[in-house]
Amino acid sequence: MNRDNEKINKIKDYEKIAAGEVIERPANVVKELIENSIDAGAKEIRIIIKKAGKTLIQVIDDGKGIPPDDMELAFERYTSSKINSFDDLEKLSTLGFRGEALASISAVSQIEIISRIKKNERGLQLFIEGGKVLRKKEMSCPIGTNIKVKNLFYNIPARKKFLKKDYTELGHITDIIQRYSLAYPDFQFIYQHNELTILNCPASNDLKTTVFHIYGKNIAKFMEYIDYSEKGELFKIYGLVGQPQISKKDRTKSSFFLNRRYVISDIIFRAIKEAYKGTLMINKHPFFILFLELNPSSIDFNIHPKKLYIKFEREDYVYNRVYTIIRDFVEEKFMKQEPKYLDIELEDFIPKEELVEELSSKTQQSETENLETEKAILKTDAIVETEENIIDESVQLHLSEDIINHKPFKKQIPETFLREKFIKKEDFPKVRLISSTGQLSNKIYIVLEGFNETNEPGLYILDQHAASERINKEKLLESYKSSKTSKQKLISPLKIDVSHSEKFFLSDHLGEIKKLGFDFEHFGGNTFILRELPTIIGKVPDINVIKDIIADITKIGKDKSFSEVKEEIINYLACHKSIRGGDDLSLENIRDLIIELADCKDSYHCAHGRPTLRFLSFKELDKLFKRKV
């Protein structure tokens, strides 16, 4: 595991290096051994685990190996071939640097290690127990290192009993191995537990292939490559960025690598989540596998015992650069090009680019089929009698006669009558025709017919509230930016009393709030006069509604600058006066809604990131019904 066969030495100023390796569970051991193998230049790393690492952790690599004279020294504290002194941390290029990992591991386990360097024909084997070398011998072995860590915490029963159940410990181990497989897709990682192969990532040099091996096809196909670098300064971002539809509830699912070291950085995670704003649903986090390369001298890796957390020299600079780069990418890929990602996820889904074929010309039924369908639907024994919609007996008789005599009945029976009645048949679901407007009975969704970006025919399902919210948000945003909000002047200004916190919020942000269309004037004490409000609010509302708005935007803006919460406040206002689920819409209302949505910059997400509409192609319907496509 030694890097470039450099001599292992005692580190000078080792007391300045952060608290040593913390071996709390098997996953910590796996992490340290994998990092050593990577530092040794290995290209194939095999990890063998038994009983979730409690009885065996074995890591085999084809790296440069450890010189025999340095083998015992490698298990002493503060010894390393990677750095010579504390000052070397300024130019750190290795994963390991403390010189404590092997010493810490050997102190709580039984170790067997075999290692050979290229210039030697034979390698050296050591047996270590509780930190003491019991015996050693030369033996034939391939170049590289093979280390076995047995019976972890055998000599510390108190710590051993605090280990979790096997599936929990195995989950932590698997997580670490997956992270490093992603960090080094050009390496081959083979991972086995109790003789079962869990992961076998070939050395592909292709990050997306590694994602496929770890997360599967349905994740890999929804990830986009990003590759950005700046001239004149080492600042490079590359990797894979996930489309909004594969966002996660937990941010820890994503991976961030700094100079190819897996780390956790609140600054980076916040910057990336902020960059996705407007595309994600509430309480969702973007999924990504991103690499950032910076000058090592601008990073402090030496602040956490497990080397998981880091500190940037210029935190604001890093935050702003990452946010801007990812935001530009999100706007270009996931907002402007959103339509191609809107298909409903079905079993065995095939990406759009694989489905570009000749469109089927058979999109309508024949007149004969339609007539037979109408006859079947209108049979008198197939009509549900509900308390609200009971069909008059004379009407039923009239219908029966029409069917028997094959009379055209469309002119005689109102369309609303035909649509409102459910069809009832034994062993058949209760169904009815949708409304003539396409609005479903729950008054939330509207069914539309149309074509996607590849001119493929199918159905769109529109969420009326989400669509209205997006329209309102863009109107408010545009008005705010141009300071030309569409306002309505109140004939009788409203006098409003607010709380102390609301008073301070309004007083501090009167100018910004005015850009949103609310013209408040401080009257004295905790009282304000409202003279204007945005037309989007509609007719002059009850004073309590205005009070609720003030309370809510004050809560949103608490302890934050207005610029930080501006969009959240706009989202709130957009939602506040949008069409609601349950609102009955006319054909004219629906058409206007669609036209206004089409004019939006981002037509495919509501203010909070939910989809406004989804597409289901006729081909996908054919697949559902097992028709030949």
# chains A, B, ... in the order shown; residues from 1 in each chain; ligands from 1
>>> residues_around(residues="Lys473 in chain A", least_positions_apart="4", cutoff="7 Å", atoms="only C-alpha atoms", output="PyMOL selection string")
chain A and resi 469+477+570-571+574+607
>>> residues_around(residues="range 189-193 of chain A", least_positions_apart="6", cutoff="6 Å", atoms="only C-alpha atoms", output="MDAnalysis selection string")
chainID A and resid 45:50 199:201
>>> closest_residue(among="A:Ser435, A:Thr554, A:Thr174, A:Asn589", to="Asp508 in chain A", atoms="only C-alpha atoms")
A:Thr554
>>> residues_around(residues="Gly242 in chain A", least_positions_apart="2", cutoff="8 Å", atoms="only C-alpha atoms", output="ChimeraX atom specification")
/A:222-224,240,244,246-247,286-288
>>> select_by_dssp(residues="range 231-260 of chain A", states="helix (DSSP H, G or I)", output="number ranges by chain")
A: 244-246, 251-253
>>> closest_atom_pairs(of="range 105-186 of chain A", to="range 250-260 of chain A", cutoff="8 Å", atoms="only C-alpha atoms", output="CSV")
residue,atom,partner,partner_atom,distance
A:Arg179,CA,A:Ser255,CA,6.9
A:Ala183,CA,A:Arg260,CA,5.8
A:Tyr184,CA,A:Arg260,CA,7.7
>>> write_last_selection(atoms="C-alpha atoms", output="CSV table (one decimal), in the first residue's frame")
chain,number,residue,atom,x,y,z
A,179,ARG,CA,-18.5,5.9,-2.8
A,183,ALA,CA,-14.7,8.3,-7.1
A,184,TYR,CA,-12.4,6.0,-9.1
>>> residues_around(residues="Lys273 in chain A", least_positions_apart="5", cutoff="9 Å", atoms="only C-alpha atoms", output="PyMOL selection string")
chain A and resi 268+280+285-286+323
>>> write_last_selection(atoms="C-alpha atoms", output="mmCIF file, in the first residue's frame")
data_model
loop_
_atom_site.group_PDB
_atom_site.id
_atom_site.type_symbol
_atom_site.label_atom_id
_atom_site.label_comp_id
_atom_site.auth_asym_id
_atom_site.auth_seq_id
_atom_site.Cartn_x
_atom_site.Cartn_y
_atom_site.Cartn_z
ATOM 1 C CA ILE A 268 -21.490 22.444 -1.364
ATOM 2 C CA LEU A 280 -37.614 20.086 -6.975
ATOM 3 C CA HIS A 285 -32.815 16.897 -2.542
ATOM 4 C CA PRO A 286 -31.018 16.740 -5.891
ATOM 5 C CA TYR A 323 -24.042 27.597 -7.330
#
>>> residues_around(residues="range 107-111 of chain A", least_positions_apart="4", cutoff="6 Å", atoms="only C-alpha atoms", output="PDB file with N, CA and C atoms, in the first residue's frame")
ATOM      1  N   PHE A 127       2.194 -11.389  11.163  1.00  0.00           N
ATOM      2  CA  PHE A 127       1.037 -11.699  11.996  1.00  0.00           C
ATOM      3  C   PHE A 127       1.079 -10.758  13.190  1.00  0.00           C
ATOM      4  N   ILE A 128       0.016  -9.965  13.343  1.00  0.00           N
ATOM      5  CA  ILE A 128      -0.011  -8.946  14.397  1.00  0.00           C
ATOM      6  C   ILE A 128      -1.271  -9.144  15.232  1.00  0.00           C
ATOM      7  N   GLU A 129      -1.152  -9.016  16.518  1.00  0.00           N
ATOM      8  CA  GLU A 129      -2.302  -9.161  17.404  1.00  0.00           C
ATOM      9  C   GLU A 129      -2.240  -8.105  18.493  1.00  0.00           C
ATOM     10  N   GLY A 130      -3.302  -7.308  18.581  1.00  0.00           N
ATOM     11  CA  GLY A 130      -3.343  -6.261  19.593  1.00  0.00           C
ATOM     12  C   GLY A 130      -2.207  -5.256  19.454  1.00  0.00           C
ATOM     13  N   GLY A 131      -1.737  -5.044  18.222  1.00  0.00           N
ATOM     14  CA  GLY A 131      -0.680  -4.075  17.968  1.00  0.00           C
ATOM     15  C   GLY A 131       0.725  -4.638  18.072  1.00  0.00           C
ATOM     16  N   LYS A 148      -5.584  -8.959   5.968  1.00  0.00           N
ATOM     17  CA  LYS A 148      -6.768  -9.516   6.620  1.00  0.00           C
ATOM     18  C   LYS A 148      -6.874  -8.930   8.022  1.00  0.00           C
ATOM     19  N   VAL A 149      -8.032  -8.376   8.325  1.00  0.00           N
ATOM     20  CA  VAL A 149      -8.311  -7.867   9.668  1.00  0.00           C
ATOM     21  C   VAL A 149      -9.369  -8.799  10.264  1.00  0.00           C
ATOM     22  N   LYS A 150      -8.957  -9.548  11.290  1.00  0.00           N
ATOM     23  CA  LYS A 150      -9.841 -10.573  11.854  1.00  0.00           C
ATOM     24  C   LYS A 150     -10.314 -10.179  13.250  1.00  0.00           C
ATOM     25  N   ASN A 151     -11.544 -10.632  13.545  1.00  0.00           N
ATOM     26  CA  ASN A 151     -12.097 -10.507  14.903  1.00  0.00           C
ATOM     27  C   ASN A 151     -11.948  -9.091  15.472  1.00  0.00           C
ATOM     28  N   LEU A 152     -12.550  -8.160  14.789  1.00  0.00           N
ATOM     29  CA  LEU A 152     -12.484  -6.761  15.209  1.00  0.00           C
ATOM     30  C   LEU A 152     -13.025  -6.604  16.635  1.00  0.00           C
ATOM     31  N   PHE A 153     -12.291  -5.861  17.451  1.00  0.00           N
ATOM     32  CA  PHE A 153     -12.643  -5.578  18.862  1.00  0.00           C
ATOM     33  C   PHE A 153     -12.635  -6.849  19.736  1.00  0.00           C
TER      34      PHE A 153
END
>>> residues_around(residues="Gly438 in chain A", least_positions_apart="2", cutoff="9 Å", atoms="only C-alpha atoms", output="PyMOL selection string")
chain A and resi 434-436+440+445-448+587
>>> residues_around(residues="Arg314 in chain A", least_positions_apart="3", cutoff="10 Å", atoms="only C-alpha atoms", output="PyMOL selection string")
chain A and resi 298-299+311+317-319
>>> closest_residue(among="A:Leu459, A:Ile66, A:Ile282, A:Val29", to="Glu620 in chain A", atoms="only C-alpha atoms")
A:Leu459
>>> closest_residue(among="A:Arg470, A:Gln245, A:Val498, A:Ile310", to="Lys284 in chain A", atoms="only C-alpha atoms")
A:Gln245
>>> closest_residue(among="A:Ala52, A:Ile214, A:Leu593, A:Ile553", to="Asn472 in chain A", atoms="only C-alpha atoms")
A:Leu593
>>> closest_residue(among="A:Ile113, A:Ala203, A:Gly53, A:Ser586", to="Tyr167 in chain A", atoms="only C-alpha atoms")
A:Gly53
>>> closest_residue(among="A:Arg122, A:Lys430, A:Lys443, A:His172", to="Arg25 in chain A", atoms="only C-alpha atoms")
A:His172
>>> select_by_dssp(residues="range 199-247 of chain A", states="strand (DSSP E or B)", output="mmCIF file with C-alpha atoms, in the first residue's frame")
data_model
loop_
_atom_site.group_PDB
_atom_site.id
_atom_site.type_symbol
_atom_site.label_atom_id
_atom_site.label_comp_id
_atom_site.auth_asym_id
_atom_site.auth_seq_id
_atom_site.Cartn_x
_atom_site.Cartn_y
_atom_site.Cartn_z
ATOM 1 C CA LEU A 199 -20.528 -5.430 -6.426
ATOM 2 C CA ASN A 200 -18.217 -5.908 -9.368
ATOM 3 C CA CYS A 201 -17.426 -2.602 -11.056
ATOM 4 C CA MET A 223 -28.175 11.544 -15.152
ATOM 5 C CA GLU A 224 -26.386 14.127 -17.259
ATOM 6 C CA TYR A 225 -22.650 14.723 -17.643
ATOM 7 C CA ILE A 226 -21.227 18.041 -16.550
ATOM 8 C CA ASP A 227 -17.640 19.131 -17.186
ATOM 9 C CA TYR A 228 -16.571 22.661 -16.298
ATOM 10 C CA SER A 229 -13.129 24.128 -15.748
ATOM 11 C CA PHE A 235 -11.267 25.134 -10.337
ATOM 12 C CA LYS A 236 -12.882 22.204 -12.054
ATOM 13 C CA ILE A 237 -16.318 20.628 -11.603
ATOM 14 C CA TYR A 238 -17.262 17.432 -13.384
ATOM 15 C CA GLY A 239 -19.370 14.336 -12.882
ATOM 16 C CA LEU A 240 -23.058 13.510 -13.183
ATOM 17 C CA VAL A 241 -26.071 15.625 -12.277
ATOM 18 C CA GLY A 242 -29.446 13.961 -11.801
#
>>> decode(residues="range 45-197 of chain A", atoms="C-alpha atoms", output="compact mmCIF listing (two decimals), in the first residue's frame")
# COMPACT_ATOMS: atom_id res chain seq x y z
CA ILE A 45 -9.14 -3.71 -5.33
CA ARG A 46 -10.91 -6.77 -3.96
CA ILE A 47 -12.80 -6.50 -0.67
CA ILE A 48 -13.89 -9.69 1.09
CA ILE A 49 -16.15 -9.39 4.12
CA LYS A 50 -17.47 -12.02 6.52
CA LYS A 51 -20.21 -11.49 9.08
CA ALA A 52 -20.49 -7.79 8.20
CA GLY A 53 -16.78 -7.29 8.91
CA LYS A 54 -16.97 -8.53 12.49
CA THR A 55 -14.96 -11.67 11.81
CA LEU A 56 -13.07 -10.74 8.61
CA ILE A 57 -12.21 -7.71 6.51
CA GLN A 58 -9.83 -8.56 3.71
CA VAL A 59 -8.53 -6.10 1.11
CA ILE A 60 -6.37 -7.31 -1.76
CA ASP A 61 -4.77 -4.85 -4.20
CA ASP A 62 -2.27 -4.84 -7.07
CA GLY A 63 -0.54 -1.67 -5.90
CA LYS A 64 3.16 -1.07 -5.39
CA GLY A 65 3.34 -2.93 -2.11
CA ILE A 66 5.28 -2.14 1.08
CA PRO A 67 9.08 -2.57 1.25
CA PRO A 68 9.89 -5.39 3.70
CA ASP A 69 12.07 -3.11 5.85
CA ASP A 70 9.10 -0.80 6.38
CA MET A 71 6.40 -3.39 7.13
CA GLU A 72 6.62 -3.27 10.93
CA LEU A 73 7.13 0.50 10.97
CA ALA A 74 3.89 0.94 9.00
CA PHE A 75 1.94 -0.30 12.04
CA GLU A 76 3.45 2.24 14.41
CA ARG A 77 1.61 5.52 15.09
CA TYR A 78 2.54 8.68 13.20
CA THR A 79 4.50 6.88 10.51
CA SER A 80 3.82 7.48 6.82
CA SER A 81 5.37 7.51 3.37
CA LYS A 82 2.84 10.10 2.25
CA ILE A 83 3.94 13.13 4.25
CA ASN A 84 7.06 13.92 6.23
CA SER A 85 5.82 16.88 8.25
CA PHE A 86 2.75 18.93 9.11
CA ASP A 87 3.67 21.45 6.39
CA ASP A 88 3.12 18.79 3.72
CA LEU A 89 -0.63 19.06 4.33
CA GLU A 90 -0.48 22.27 2.26
CA LYS A 91 0.18 20.19 -0.86
CA LEU A 92 -1.66 17.03 0.06
CA SER A 93 -2.38 14.72 -2.89
CA THR A 94 -3.03 11.45 -1.07
CA LEU A 95 -6.10 10.11 0.73
CA GLY A 96 -4.16 9.05 3.82
CA PHE A 97 -1.88 11.41 5.71
CA ARG A 98 -2.04 10.86 9.47
CA GLY A 99 -0.04 7.68 9.73
CA GLU A 100 -2.46 6.26 12.28
CA ALA A 101 -4.84 4.00 10.37
CA LEU A 102 -2.87 0.75 10.47
CA ALA A 103 -1.77 1.36 14.06
CA SER A 104 -5.34 2.00 15.17
CA ILE A 105 -6.68 -1.05 13.34
CA SER A 106 -3.96 -3.39 14.60
CA ALA A 107 -4.61 -2.30 18.21
CA VAL A 108 -8.16 -3.70 18.15
CA SER A 109 -7.86 -6.75 15.88
CA GLN A 110 -5.79 -9.68 14.69
CA ILE A 111 -3.99 -8.87 11.44
CA GLU A 112 -2.35 -10.95 8.76
CA ILE A 113 -0.64 -8.98 6.01
CA ILE A 114 1.34 -10.06 2.96
CA SER A 115 3.02 -7.51 0.72
CA ARG A 116 5.57 -7.51 -2.08
CA ILE A 117 7.27 -4.77 -4.10
CA LYS A 118 8.23 -5.12 -7.75
CA LYS A 119 12.00 -5.41 -7.28
CA ASN A 120 11.71 -8.33 -4.83
CA GLU A 121 10.92 -11.89 -5.91
CA ARG A 122 9.29 -12.74 -2.60
CA GLY A 123 7.06 -10.85 -0.25
CA LEU A 124 6.87 -10.61 3.54
CA GLN A 125 4.08 -11.90 5.78
CA LEU A 126 3.36 -10.49 9.24
CA PHE A 127 1.04 -11.70 12.00
CA ILE A 128 -0.01 -8.95 14.40
CA GLU A 129 -2.30 -9.16 17.40
CA GLY A 130 -3.34 -6.26 19.59
CA GLY A 131 -0.68 -4.07 17.97
CA LYS A 132 2.20 -6.52 18.59
CA VAL A 133 4.03 -8.42 15.85
CA LEU A 134 3.89 -12.12 16.73
CA ARG A 135 5.81 -13.55 13.80
CA LYS A 136 6.93 -12.86 10.25
CA LYS A 137 8.19 -14.84 7.28
CA GLU A 138 9.02 -14.50 3.59
CA MET A 139 6.74 -16.11 1.07
CA SER A 140 5.85 -16.13 -2.62
CA CYS A 141 3.05 -13.71 -3.54
CA PRO A 142 2.01 -11.33 -6.32
CA ILE A 143 3.05 -7.67 -6.31
CA GLY A 144 0.76 -5.66 -4.09
CA THR A 145 -0.76 -6.07 -0.64
CA ASN A 146 -3.18 -8.55 0.89
CA ILE A 147 -4.33 -7.64 4.39
CA LYS A 148 -6.77 -9.52 6.62
CA VAL A 149 -8.31 -7.87 9.67
CA LYS A 150 -9.84 -10.57 11.85
CA ASN A 151 -12.10 -10.51 14.90
CA LEU A 152 -12.48 -6.76 15.21
CA PHE A 153 -12.64 -5.58 18.86
CA TYR A 154 -11.77 -9.08 20.11
CA ASN A 155 -9.86 -7.40 22.96
CA ILE A 156 -12.44 -4.68 23.69
CA PRO A 157 -15.71 -6.52 24.45
CA ALA A 158 -17.44 -3.29 25.52
CA ARG A 159 -17.00 -1.77 22.08
CA LYS A 160 -17.82 -5.00 20.31
CA LYS A 161 -21.21 -5.30 21.96
CA PHE A 162 -22.17 -1.86 20.67
CA LEU A 163 -21.83 -2.94 17.06
CA LYS A 164 -25.18 -2.97 15.27
CA LYS A 165 -26.87 -5.89 13.58
CA ASP A 166 -25.11 -7.35 10.57
CA TYR A 167 -27.37 -5.72 7.99
CA THR A 168 -26.72 -2.30 9.53
CA GLU A 169 -22.93 -2.69 9.62
CA LEU A 170 -22.96 -4.17 6.13
CA GLY A 171 -24.93 -1.16 4.93
CA HIS A 172 -22.19 1.19 6.17
CA ILE A 173 -19.50 -0.93 4.51
CA THR A 174 -21.40 -1.05 1.22
CA ASP A 175 -21.87 2.71 1.28
CA ILE A 176 -18.13 3.33 1.61
CA ILE A 177 -17.24 0.89 -1.15
CA GLN A 178 -19.81 2.41 -3.47
CA ARG A 179 -18.49 5.93 -2.84
CA TYR A 180 -14.95 4.94 -3.77
CA SER A 181 -16.14 2.98 -6.78
CA LEU A 182 -17.72 6.23 -7.97
CA ALA A 183 -14.65 8.29 -7.09
CA TYR A 184 -12.38 5.96 -9.06
CA PRO A 185 -14.39 4.52 -11.97
CA ASP A 186 -11.10 3.69 -13.71
CA PHE A 187 -10.35 1.15 -10.94
CA GLN A 188 -11.94 -2.29 -10.65
CA PHE A 189 -13.73 -2.88 -7.36
CA ILE A 190 -14.85 -6.38 -6.43
CA TYR A 191 -16.82 -6.68 -3.22
CA GLN A 192 -17.96 -9.94 -1.62
CA HIS A 193 -19.80 -10.74 1.59
CA ASN A 194 -20.02 -14.29 2.89
CA GLU A 195 -18.96 -15.64 -0.55
CA LEU A 196 -21.67 -13.62 -2.31
CA THR A 197 -20.55 -10.96 -4.81
